[in-house]
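**Q** Next up, structure22.pdb (PDB, C-alpha atoms and all ligand atoms).
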```pdb
ATOM      1  CA  GLY A 106     101.800 191.582 143.823
ATOM      2  CA  VAL A 107     103.988 191.285 146.896
ATOM      3  CA  LEU A 108     107.167 189.283 146.565
ATOM      4  CA  ALA A 109     108.561 187.493 149.600
ATOM      5  CA  GLY A 110     111.922 189.255 149.170
ATOM      6  CA  ARG A 111     110.307 192.639 149.651
ATOM      7  CA  ALA A 112     109.233 191.997 153.212
ATOM      8  CA  LEU A 113     110.697 194.682 155.480
ATOM      9  CA  ASP A 114     113.458 195.557 152.994
ATOM     10  CA  LEU A 115     113.050 199.221 154.033
ATOM     11  CA  ALA A 116     113.400 198.539 157.779
ATOM     12  CA  GLY A 117     115.641 201.148 159.408
ATOM     13  CA  ARG A 118     115.191 203.546 156.476
ATOM     14  CA  HIS A 119     113.587 206.957 156.755
ATOM     15  CA  VAL A 120     111.765 208.016 153.607
ATOM     16  CA  VAL A 121     110.115 211.354 152.893
ATOM     17  CA  ILE A 122     107.222 211.478 150.445
ATOM     18  CA  SER A 123     105.402 214.544 149.154
ATOM     19  CA  ALA A 124     101.831 214.029 147.972
ATOM     20  CA  GLY A 125      98.859 215.970 146.662
ATOM     21  CA  GLY A 126      98.859 219.336 144.948
ATOM     22  CA  THR A 127      99.876 222.757 146.221
ATOM     23  CA  ARG A 128      97.557 225.769 146.354
ATOM     24  CA  GLU A 129      98.692 229.327 145.787
ATOM     25  CA  VAL A 130      96.477 231.899 147.452
ATOM     26  CA  ILE A 131      94.927 234.747 145.439
ATOM     27  CA  ASP A 132      92.672 236.140 148.183
ATOM     28  CA  PRO A 133      90.937 234.763 151.295
ATOM     29  CA  VAL A 134      88.539 232.668 149.207
ATOM     30  CA  ARG A 135      90.504 231.809 146.036
ATOM     31  CA  PHE A 136      93.615 229.940 145.015
ATOM     32  CA  ILE A 137      95.449 228.517 142.006
ATOM     33  CA  GLY A 138      95.501 224.738 142.342
ATOM     34  CA  ASN A 139      95.838 221.563 140.316
ATOM     35  CA  ARG A 140      94.109 218.224 139.856
ATOM     36  CA  SER A 141      96.396 216.032 141.958
ATOM     37  CA  SER A 142      94.377 213.748 144.277
ATOM     38  CA  GLY A 143      97.298 212.513 146.358
ATOM     39  CA  LEU A 144      96.412 208.863 145.656
ATOM     40  CA  GLN A 145      99.855 207.950 144.266
ATOM     41  CA  GLY A 146     101.727 209.609 147.131
ATOM     42  CA  TYR A 147      99.502 207.938 149.730
ATOM     43  CA  ALA A 148     100.001 204.555 148.008
ATOM     44  CA  LEU A 149     103.760 205.169 148.265
ATOM     45  CA  ALA A 150     103.376 205.917 151.988
ATOM     46  CA  ARG A 151     101.310 202.774 152.715
ATOM     47  CA  THR A 152     103.634 200.471 150.776
ATOM     48  CA  ALA A 153     106.745 201.982 152.408
ATOM     49  CA  VAL A 154     105.267 201.376 155.880
ATOM     50  CA  ALA A 155     104.404 197.804 154.868
ATOM     51  CA  ARG A 156     108.067 197.316 153.923
ATOM     52  CA  GLY A 157     109.263 198.571 157.301
ATOM     53  CA  ALA A 158     110.221 202.192 156.563
ATOM     54  CA  GLU A 159     109.834 205.172 158.848
ATOM     55  CA  VAL A 160     107.717 207.490 156.701
ATOM     56  CA  THR A 161     107.219 211.250 156.723
ATOM     57  CA  LEU A 162     104.395 212.259 154.385
ATOM     58  CA  VAL A 163     104.275 215.920 153.371
ATOM     59  CA  SER A 164     100.675 216.235 152.285
ATOM     60  CA  ALA A 165      99.283 219.111 150.247
ATOM     61  CA  ASN A 166      95.509 219.553 150.139
ATOM     62  CA  VAL A 167      94.258 215.993 149.889
ATOM     63  CA  ALA A 168      90.914 214.526 150.975
ATOM     64  CA  LEU A 169      92.366 211.241 152.219
ATOM     65  CA  PRO A 170      92.653 209.731 155.712
ATOM     66  CA  ASP A 171      96.101 209.663 157.330
ATOM     67  CA  PRO A 172      97.761 206.312 156.584
ATOM     68  CA  ALA A 173      98.488 204.290 159.732
ATOM     69  CA  GLY A 174     102.002 204.523 161.105
ATOM     70  CA  VAL A 175     102.991 207.594 159.085
ATOM     71  CA  LYS A 176     104.061 211.048 160.272
ATOM     72  CA  VAL A 177     101.857 213.419 158.256
ATOM     73  CA  VAL A 178     102.860 217.071 157.794
ATOM     74  CA  ARG A 179     100.137 219.161 156.161
ATOM     75  CA  VAL A 180     101.068 222.036 153.870
ATOM     76  CA  GLU A 181      99.207 224.293 151.481
ATOM     77  CA  SER A 182     101.595 226.221 149.207
ATOM     78  CA  ALA A 183     104.757 225.293 147.305
ATOM     79  CA  ARG A 184     106.866 227.335 149.715
ATOM     80  CA  GLU A 185     105.359 225.542 152.732
ATOM     81  CA  LEU A 186     105.967 222.219 151.007
ATOM     82  CA  ARG A 187     109.611 223.184 150.394
ATOM     83  CA  GLU A 188     110.117 224.011 154.099
ATOM     84  CA  ALA A 189     108.511 220.749 155.225
ATOM     85  CA  VAL A 190     110.391 218.547 152.738
ATOM     86  CA  LEU A 191     113.805 220.115 153.397
ATOM     87  CA  ASP A 192     113.153 219.948 157.145
ATOM     88  CA  ALA A 193     112.200 216.256 157.001
ATOM     89  CA  ALA A 194     114.911 215.354 154.466
ATOM     90  CA  GLY A 195     117.450 217.044 156.701
ATOM     91  CA  VAL A 196     121.180 217.066 156.379
ATOM     92  CA  GLY A 197     123.124 215.465 159.160
ATOM     93  CA  PRO A 198     122.535 212.397 161.312
ATOM     94  CA  ASP A 199     118.759 212.687 161.030
ATOM     95  CA  GLY A 200     118.811 212.962 157.259
ATOM     96  CA  ALA A 201     116.368 210.861 155.270
ATOM     97  CA  ASP A 202     117.552 207.942 153.146
ATOM     98  CA  ALA A 203     115.211 208.735 150.281
ATOM     99  CA  VAL A 204     112.924 211.535 149.153
ATOM    100  CA  VAL A 205     110.112 210.854 146.700
ATOM    101  CA  MET A 206     108.481 213.934 145.215
ATOM    102  CA  ALA A 207     105.068 212.679 144.142
ATOM    103  CA  ALA A 208     103.344 216.030 144.787
ATOM    104  CA  ALA A 209     102.222 218.299 142.003
ATOM    105  CA  VAL A 210     103.995 221.516 142.962
ATOM    106  CA  ALA A 211     102.834 224.812 141.461
ATOM    107  CA  ASP A 212     105.522 226.303 139.231
ATOM    108  CA  PHE A 213     104.171 229.832 139.782
ATOM    109  CA  ARG A 214     102.266 231.815 142.392
ATOM    110  CA  PRO A 215     100.539 235.207 142.332
ATOM    111  CA  ASP A 216     103.083 237.940 143.118
ATOM    112  CA  ARG A 217     100.879 239.150 145.984
ATOM    113  CA  ARG A 218      97.906 237.943 147.966
ATOM    114  CA  SER A 219      94.964 240.205 148.634
ATOM    115  CA  ASP A 220      94.060 240.357 152.336
ATOM    116  CA  THR A 221      90.456 241.065 151.382
ATOM    117  CA  LYS A 222      88.206 239.321 148.890
ATOM    118  CA  ILE A 223      88.675 240.759 145.419
ATOM    119  CA  LYS A 224      85.363 242.342 144.343
ATOM    120  CA  LYS A 225      84.012 242.343 140.817
ATOM    121  CA  SER A 226      82.900 245.968 141.198
ATOM    122  CA  SER A 227      85.535 247.547 138.965
ATOM    123  CA  ALA A 228      84.887 247.533 135.224
ATOM    124  CA  GLU A 229      87.795 245.285 134.176
ATOM    125  CA  PRO A 230      89.614 242.868 136.506
ATOM    126  CA  ASP A 231      93.272 243.426 137.329
ATOM    127  CA  PRO A 232      95.557 240.811 135.794
ATOM    128  CA  ILE A 233      97.168 238.327 138.191
ATOM    129  CA  ARG A 234     100.926 238.569 137.856
ATOM    130  CA  LEU A 235     102.795 235.325 138.506
ATOM    131  CA  VAL A 236     106.255 234.745 139.941
ATOM    132  CA  LYS A 237     108.294 231.527 140.022
ATOM    133  CA  ASN A 238     108.127 229.121 142.932
ATOM    134  CA  PRO A 239     111.213 227.296 144.199
ATOM    135  CA  ASP A 240     111.855 223.931 142.521
ATOM    136  CA  VAL A 241     112.112 221.582 145.500
ATOM    137  CA  LEU A 242     113.295 218.532 143.562
ATOM    138  CA  ALA A 243     116.037 220.472 141.760
ATOM    139  CA  GLU A 244     117.081 222.027 145.081
ATOM    140  CA  LEU A 245     117.435 218.592 146.722
ATOM    141  CA  GLY A 246     119.604 217.503 143.793
ATOM    142  CA  SER A 247     121.866 220.531 144.000
ATOM    143  CA  LEU A 248     122.140 220.376 147.822
ATOM    144  CA  ARG A 249     123.356 216.818 147.454
ATOM    145  CA  ARG A 250     125.752 217.682 144.639
ATOM    146  CA  ASP A 251     127.206 220.539 146.722
ATOM    147  CA  ALA A 252     127.646 218.245 149.729
ATOM    148  CA  LEU A 253     129.433 215.690 147.553
ATOM    149  CA  GLU A 254     131.728 218.355 146.063
ATOM    150  CA  ARG A 255     132.643 219.572 149.561
ATOM    151  CA  GLY A 256     133.578 215.987 150.313
ATOM    152  CA  GLY A 257     131.073 216.095 153.140
ATOM    153  CA  ARG A 258     129.954 212.950 154.853
ATOM    154  CA  GLU A 259     126.464 214.253 155.577
ATOM    155  CA  PRO A 260     123.837 211.630 154.904
ATOM    156  CA  TYR A 261     122.015 213.783 152.338
ATOM    157  CA  PRO A 262     119.202 211.807 150.715
ATOM    158  CA  ARG A 263     120.933 208.909 149.028
ATOM    159  CA  VAL A 264     118.017 208.390 146.688
ATOM    160  CA  ILE A 265     116.012 211.222 145.147
ATOM    161  CA  VAL A 266     112.942 210.347 143.106
ATOM    162  CA  GLY A 267     110.908 212.702 140.945
ATOM    163  CA  PHE A 268     107.583 212.279 139.200
ATOM    164  CA  ALA A 269     106.655 213.807 135.873
ATOM    165  CA  ALA A 270     103.474 213.841 133.872
ATOM    166  CA  GLU A 271     104.235 214.229 130.202
ATOM    167  CA  THR A 272     101.778 214.300 127.329
ATOM    168  CA  ASP A 273     104.156 214.233 124.363
ATOM    169  CA  ASP A 274     107.746 213.133 123.586
ATOM    170  CA  VAL A 275     107.420 211.305 126.905
ATOM    171  CA  LEU A 276     110.839 209.633 126.991
ATOM    172  CA  ALA A 277     112.894 212.500 125.558
ATOM    173  CA  ASN A 278     111.226 215.025 127.864
ATOM    174  CA  GLY A 279     111.646 212.645 130.800
ATOM    175  CA  ARG A 280     115.366 212.101 130.156
ATOM    176  CA  ALA A 281     115.984 215.839 129.914
ATOM    177  CA  LYS A 282     114.005 216.448 133.107
ATOM    178  CA  LEU A 283     115.875 213.769 135.054
ATOM    179  CA  ALA A 284     119.209 215.321 134.092
ATOM    180  CA  ARG A 285     118.035 218.864 134.823
ATOM    181  CA  LYS A 286     116.752 217.942 138.286
ATOM    182  CA  GLY A 287     119.712 215.800 139.303
ATOM    183  CA  CYS A 288     117.518 212.984 140.615
ATOM    184  CA  ASP A 289     118.242 209.235 140.579
ATOM    185  CA  LEU A 290     114.868 208.038 139.349
ATOM    186  CA  LEU A 291     112.130 209.814 137.437
ATOM    187  CA  VAL A 292     108.698 208.207 137.254
ATOM    188  CA  VAL A 293     107.140 209.408 134.029
ATOM    189  CA  ASN A 294     103.387 209.011 134.134
ATOM    190  CA  GLN A 295     101.295 208.555 131.081
ATOM    191  CA  VAL A 296      98.393 210.973 131.497
ATOM    192  CA  GLY A 297      95.179 210.901 129.509
ATOM    193  CA  GLU A 298      93.029 207.923 128.428
ATOM    194  CA  GLY A 299      91.421 207.737 131.880
ATOM    195  CA  LEU A 300      94.790 207.458 133.613
ATOM    196  CA  GLY A 301      96.509 209.711 136.082
ATOM    197  CA  PHE A 302      94.782 212.316 138.244
ATOM    198  CA  GLY A 303      92.158 210.912 140.599
ATOM    199  CA  THR A 304      92.126 207.415 139.092
ATOM    200  CA  PRO A 305      93.084 204.272 141.047
ATOM    201  CA  ASP A 306      95.318 203.071 138.204
ATOM    202  CA  ASN A 307      98.531 204.373 136.738
ATOM    203  CA  ALA A 308     100.953 203.420 133.993
ATOM    204  CA  ALA A 309     104.495 204.737 133.894
ATOM    205  CA  VAL A 310     108.073 204.400 132.808
ATOM    206  CA  VAL A 311     110.714 204.779 135.503
ATOM    207  CA  LEU A 312     113.867 206.347 134.079
ATOM    208  CA  ARG A 313     117.115 205.729 135.923
ATOM    209  CA  ALA A 314     120.025 208.167 136.036
ATOM    210  CA  ASP A 315     122.283 205.334 134.800
ATOM    211  CA  GLY A 316     120.335 205.280 131.533
ATOM    212  CA  GLY A 317     118.087 202.312 132.257
ATOM    213  CA  ALA A 318     114.312 202.311 132.126
ATOM    214  CA  VAL A 319     111.646 200.144 133.763
ATOM    215  CA  GLU A 320     108.212 200.014 132.186
ATOM    216  CA  ILE A 321     105.214 199.612 134.512
ATOM    217  CA  GLN A 322     102.024 198.367 132.892
ATOM    218  CA  ARG A 323      98.681 199.860 133.785
ATOM    219  CA  GLY A 324      97.697 198.760 137.260
ATOM    220  CA  PRO A 325      96.924 199.889 140.826
ATOM    221  CA  LYS A 326      98.969 202.787 142.197
ATOM    222  CA  GLU A 327     100.194 200.389 144.935
ATOM    223  CA  ASP A 328     101.899 198.255 142.273
ATOM    224  CA  LEU A 329     103.681 201.267 140.817
ATOM    225  CA  ALA A 330     104.650 202.294 144.358
ATOM    226  CA  ASP A 331     106.147 198.865 145.049
ATOM    227  CA  VAL A 332     108.273 199.041 141.890
ATOM    228  CA  VAL A 333     109.535 202.477 142.973
ATOM    229  CA  TRP A 334     110.487 201.040 146.387
ATOM    230  CA  ASP A 335     112.165 198.044 144.688
ATOM    231  CA  LEU A 336     114.390 200.480 142.790
ATOM    232  CA  VAL A 337     114.992 202.644 145.877
ATOM    233  CA  ALA A 338     115.874 199.601 148.013
ATOM    234  CA  GLU A 339     118.268 198.415 145.295
ATOM    235  CA  ARG A 340     120.080 201.779 145.341
ATOM    236  CA  LEU A 341     120.227 201.830 149.136
ATOM    237  CA  SER A 342     121.679 198.343 149.505
TER
HETATM  238  N1  LIG B 401     108.712 219.844 141.423
HETATM  239  C1  LIG B 401     109.234 220.489 142.535
HETATM  240  N2  LIG B 401     109.087 221.854 142.661
HETATM  241  C2  LIG B 401     108.453 222.562 141.709
HETATM  242  C3  LIG B 401     107.930 221.916 140.572
HETATM  243  C4  LIG B 401     108.076 220.545 140.469
HETATM  244  O1  LIG B 401     109.807 219.841 143.396
HETATM  245  N3  LIG B 401     108.337 223.873 141.856
HETATM  246  C5  LIG B 401     108.889 218.394 141.311
HETATM  247  C6  LIG B 401     107.603 217.600 141.274
HETATM  248  O2  LIG B 401     107.202 217.213 142.574
HETATM  249  C7  LIG B 401     107.973 216.403 140.428
HETATM  250  C8  LIG B 401     109.065 216.930 139.497
HETATM  251  O3  LIG B 401     109.539 218.138 140.092
HETATM  252  O4  LIG B 401     108.547 215.379 141.199
HETATM  253  C9  LIG B 401     108.654 217.179 138.091
HETATM  254  O5  LIG B 401     107.613 218.112 138.041
HETATM  255  P1  LIG B 401     107.176 218.678 136.627
HETATM  256  O6  LIG B 401     106.070 219.666 136.817
HETATM  257  O7  LIG B 401     106.916 217.512 135.708
HETATM  258  O8  LIG B 401     108.528 219.370 136.141
HETATM  259  P2  LIG B 401     108.920 220.874 135.907
HETATM  260  O9  LIG B 401     110.397 220.957 136.102
HETATM  261  O10 LIG B 401     108.093 221.783 136.745
HETATM  262  O11 LIG B 401     108.681 221.090 134.360
HETATM  263  P3  LIG B 401     107.345 221.431 133.514
HETATM  264  O12 LIG B 401     106.195 221.648 134.486
HETATM  265  O13 LIG B 401     107.699 222.648 132.739
HETATM  266  O14 LIG B 401     107.144 220.222 132.616
HETATM  267 CA    CA B 402     105.814 221.855 136.705
END
```
Could you spell out this file's structure in structure tokens?

**A**
Amino acid sequence: GVLAGRALDLAGRHVVISAGGTREVIDPVRFIGNRSSGLQGYALARTAVARGAEVTLVSANVALPDPAGVKVVRVESARELREAVLDAAGVGPDGADAVVMAAAVADFRPDRRSDTKIKKSSAEPDPIRLVKNPDVLAELGSLRRDALERGGREPYPRVIVGFAAETDDVLANGRAKLARKGCDLLVVNQVGEGLGFGTPDNAAVVLRADGGAVEIQRGPKEDLADVVWDLVAERLS
């Protein structure tokens, strides 16, 4: 539901949202991907626009139309997503007010990509060796911490929001992840039971760096998005 007090409470704010799921190329026809549909990230973009924000949406491999009034930057891999998010988040006068990392970013990628299609001709396939991808959310947190320690006045993102899908020990894992990543808010999704990837509904707990938690009952991804923006707007004001 939309509360009257929400109207245009993000006017004059620039927010950066990542959405969808990255793909890591194996060869010209294959990749390692994930099940993210981008629905939650796109709901965040639409609701932010409705509340008056300037929105940059870094979109990884989604089959969704561009939301009206949003700057969409399309990326494929985790490393492309990192470039686009850091570029949009900026440091300096054009820096974003908030970054929300709703994308499912691949933790690993193949250590090399084949320029030609891998054939099944040989008797046994070669194993695919994986290497670590950069952690964009953790990097945003440490860039901000470094800027603060230098006493810099750069408008680094004042609010950094992460998403996490946990299947077990949801709260304990979420708390540890929030601390590790140095973000202000961590939206911990409950996956399974017909919720999460590709579904219109979501249920979540938003953990705050100050120790608080906000529970969001099962409902449309727009509703979850609006609660995230409520918490972001509160931190920005
Ligand atoms: N994330 C990121 N860069 C990565 C991996 C994740 O920026 N290479 C971000 C996601 O966009 C999300 C948050 O980190 O906002 C949490 O992602 P998650 O996969 O739950 O956390 P990980 O630290 O990768 O831990 P694990 O997968 O082991 O649970
Ligand atoms: Ca991960």

**Q** Need the neighbours of (104.1, 229.9, 142.5): which residues are at most 9 Å away, counting only C-alpha atoms, as a ChimeraX atom specification?

**A** /A:128-129,137,182-184,210-216,235-239

**Q** My list of candidates is A:Val241, A:Leu290, A:Ala150, A:Leu276. Which is closest to His119 in chain A when distances are computed with only C-alpha atoms?

**A**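 Closest to His119 in chain A of all the choices is A:Ala150.
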
**Q** Could you please determine the separation between CA of Val310 in chain A and CA of Arg250 in chain A in Å, to one decimal place?

**A**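 These two atoms are separated by 25.1 Å.
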
**Q** Report as a VMD selection string the full result of the PyMOL selection byres (((chain A and resi 280) around 10) and not hetatm) when it is applied to this structure.

**A** chain A and resid 275 to 279 281 to 285 291 293 312 to 314 316

**Q** Between A:Lys224, A:Arg340, A:Arg255, A:Arg140, which is the closest to Val296 in chain A once you count all atoms listed in the file?

**A**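 Using all atoms listed in the file, Val296 in chain A sits closest to A:Arg140.
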
**Q** Restricting the calculation to only C-alpha atoms and all ligand atoms, which member of A:Ile131, A:Ala209, A:Ala155, A:Arg234 is positioned closest to ligand CA 402 (chain B)?

**A**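 Closest residue, counting only C-alpha atoms and all ligand atoms: A:Ala209.
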
**Q** Have a look at A:Leu245, A:Val175, A:Ala308, A:Ala189 and name the one nearest to Tyr261 in chain A; count only C-alpha atoms.

**A** A:Leu245

**Q** Enclose the full set of atoms of ligand LIG 401 (chain B) listed in the file within a box whose edges lie along x, y and z, apply 5 Å of padding to each of the six sides, and report centre and edge lengths in Å to one decimal as AutoDock Vina command-line options.

**A**
```
--center_x 108.2 --center_y 219.6 --center_z 138.0 --size_x 14.3 --size_y 18.5 --size_z 20.8
```

**Q** Using all atoms listed in the file, which residue out of A:Ser123, A:Glu320, A:Asp132, A:Val337 lies closest to Lys222 in chain A?

**A**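 Using all atoms listed in the file, the shortest distance to Lys222 in chain A belongs to A:Asp132.
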
**Q** For Glu159 in chain A, list every protein, DNA or RNA residue within 9 Å, evaluated using all atoms listed in the file, and leave out those in the same chain fewer than 2 positions away; present the list as a PyMOL selection string.

**A** chain A and resi 115-121+153-154+157+161+174-176

**Q** For this file, the PyMOL selection byres (((chain A and resi 111) around 12) and not hetatm) selects which residues, as a CSV table (one decimal) with C-alpha atoms, in the frame of the given file?

**A**
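So part-v2.csv came out as:
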```
chain,number,residue,atom,x,y,z
A,106,GLY,CA,101.8,191.6,143.8
A,107,VAL,CA,104.0,191.3,146.9
A,108,LEU,CA,107.2,189.3,146.6
A,109,ALA,CA,108.6,187.5,149.6
A,110,GLY,CA,111.9,189.3,149.2
A,112,ALA,CA,109.2,192.0,153.2
A,113,LEU,CA,110.7,194.7,155.5
A,114,ASP,CA,113.5,195.6,153.0
A,115,LEU,CA,113.0,199.2,154.0
A,116,ALA,CA,113.4,198.5,157.8
A,152,THR,CA,103.6,200.5,150.8
A,153,ALA,CA,106.7,202.0,152.4
A,154,VAL,CA,105.3,201.4,155.9
A,155,ALA,CA,104.4,197.8,154.9
A,156,ARG,CA,108.1,197.3,153.9
A,157,GLY,CA,109.3,198.6,157.3
A,158,ALA,CA,110.2,202.2,156.6
A,331,ASP,CA,106.1,198.9,145.0
A,332,VAL,CA,108.3,199.0,141.9
A,333,VAL,CA,109.5,202.5,143.0
A,334,TRP,CA,110.5,201.0,146.4
A,335,ASP,CA,112.2,198.0,144.7
A,336,LEU,CA,114.4,200.5,142.8
A,337,VAL,CA,115.0,202.6,145.9
A,338,ALA,CA,115.9,199.6,148.0
A,339,GLU,CA,118.3,198.4,145.3
```

**Q** Which residue is closest to ligand LIG 401 (chain B)? Choose from A:Pro170, A:Gly287, A:Gly267, A:Gly256 and count only C-alpha atoms and all ligand atoms.

**A**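 The answer is A:Gly267, which sits nearest to ligand LIG 401 (chain B).
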
**Q** If we draw a sphere of 9 Å around (99.4, 212.6, 141.6), which residues have at least one atom in it when counting all atoms listed in the file? Please report them as a PyMOL selection string.

**A** chain A and resi 124-126+140-146+207-209+268+270+301-303

**Q** On this file, the PyMOL selection byres (((chain A and resi 193) around 10) and not hetatm) gives some set of residues; write that set as a ChimeraX atom specification.

**A** /A:119-122,160-163,178,187-192,194-196,199-201,204

**Q** Can I get N, CA and C atoms for range 216-234 of chain A, as an mmCIF file, in the first residue's frame?

**A**
```
data_model
loop_
_atom_site.group_PDB
_atom_site.id
_atom_site.type_symbol
_atom_site.label_atom_id
_atom_site.label_comp_id
_atom_site.auth_asym_id
_atom_site.auth_seq_id
_atom_site.Cartn_x
_atom_site.Cartn_y
_atom_site.Cartn_z
ATOM 1 N N ASP A 216 37.942 -20.025 -15.412
ATOM 2 C CA ASP A 216 39.233 -19.317 -15.453
ATOM 3 C C ASP A 216 39.613 -18.888 -16.860
ATOM 4 N N ARG A 217 38.980 -19.464 -17.882
ATOM 5 C CA ARG A 217 39.206 -18.989 -19.251
ATOM 6 C C ARG A 217 37.958 -19.262 -20.065
ATOM 7 N N ARG A 218 37.803 -18.449 -21.134
ATOM 8 C CA ARG A 218 36.686 -18.704 -22.044
ATOM 9 C C ARG A 218 37.239 -19.239 -23.346
ATOM 10 N N SER A 219 36.568 -20.246 -23.885
ATOM 11 C CA SER A 219 36.989 -20.806 -25.160
ATOM 12 C C SER A 219 36.443 -19.925 -26.273
ATOM 13 N N ASP A 220 37.302 -19.545 -27.226
ATOM 14 C CA ASP A 220 36.849 -18.713 -28.344
ATOM 15 C C ASP A 220 36.030 -19.512 -29.349
ATOM 16 N N THR A 221 36.159 -20.828 -29.278
ATOM 17 C CA THR A 221 35.392 -21.693 -30.187
ATOM 18 C C THR A 221 34.527 -22.624 -29.354
ATOM 19 N N LYS A 222 33.454 -23.093 -29.939
ATOM 20 C CA LYS A 222 32.545 -23.994 -29.234
ATOM 21 C C LYS A 222 33.284 -25.263 -28.814
ATOM 22 N N ILE A 223 33.145 -25.619 -27.549
ATOM 23 C CA ILE A 223 33.782 -26.833 -27.055
ATOM 24 C C ILE A 223 33.051 -28.041 -27.640
ATOM 25 N N LYS A 224 33.811 -28.948 -28.296
ATOM 26 C CA LYS A 224 33.206 -30.107 -28.948
ATOM 27 C C LYS A 224 33.214 -31.314 -28.011
ATOM 28 N N LYS A 225 32.285 -32.196 -28.211
ATOM 29 C CA LYS A 225 32.241 -33.389 -27.347
ATOM 30 C C LYS A 225 33.135 -34.502 -27.869
ATOM 31 N N SER A 226 33.883 -34.222 -28.939
ATOM 32 C CA SER A 226 34.668 -35.257 -29.614
ATOM 33 C C SER A 226 35.594 -36.043 -28.691
ATOM 34 N N SER A 227 36.311 -35.346 -27.811
ATOM 35 C CA SER A 227 37.294 -36.066 -26.993
ATOM 36 C C SER A 227 36.588 -37.020 -26.035
ATOM 37 N N ALA A 228 37.283 -38.036 -25.606
ATOM 38 C CA ALA A 228 36.691 -39.106 -24.799
ATOM 39 C C ALA A 228 36.070 -38.566 -23.512
ATOM 40 N N GLU A 229 36.866 -37.866 -22.708
ATOM 41 C CA GLU A 229 36.358 -37.301 -21.446
ATOM 42 C C GLU A 229 36.443 -35.779 -21.511
ATOM 43 N N PRO A 230 35.431 -35.075 -21.002
ATOM 44 C CA PRO A 230 35.496 -33.602 -21.054
ATOM 45 C C PRO A 230 36.553 -33.072 -20.088
ATOM 46 N N ASP A 231 37.113 -31.909 -20.457
ATOM 47 C CA ASP A 231 38.028 -31.219 -19.544
ATOM 48 C C ASP A 231 37.210 -30.614 -18.412
ATOM 49 N N PRO A 232 37.735 -30.639 -17.187
ATOM 50 C CA PRO A 232 37.016 -29.955 -16.110
ATOM 51 C C PRO A 232 37.030 -28.433 -16.339
ATOM 52 N N ILE A 233 36.003 -27.762 -15.831
ATOM 53 C CA ILE A 233 35.987 -26.295 -15.869
ATOM 54 C C ILE A 233 36.527 -25.807 -14.539
ATOM 55 N N ARG A 234 37.644 -25.093 -14.598
ATOM 56 C CA ARG A 234 38.239 -24.555 -13.380
ATOM 57 C C ARG A 234 37.613 -23.195 -13.095
#
```
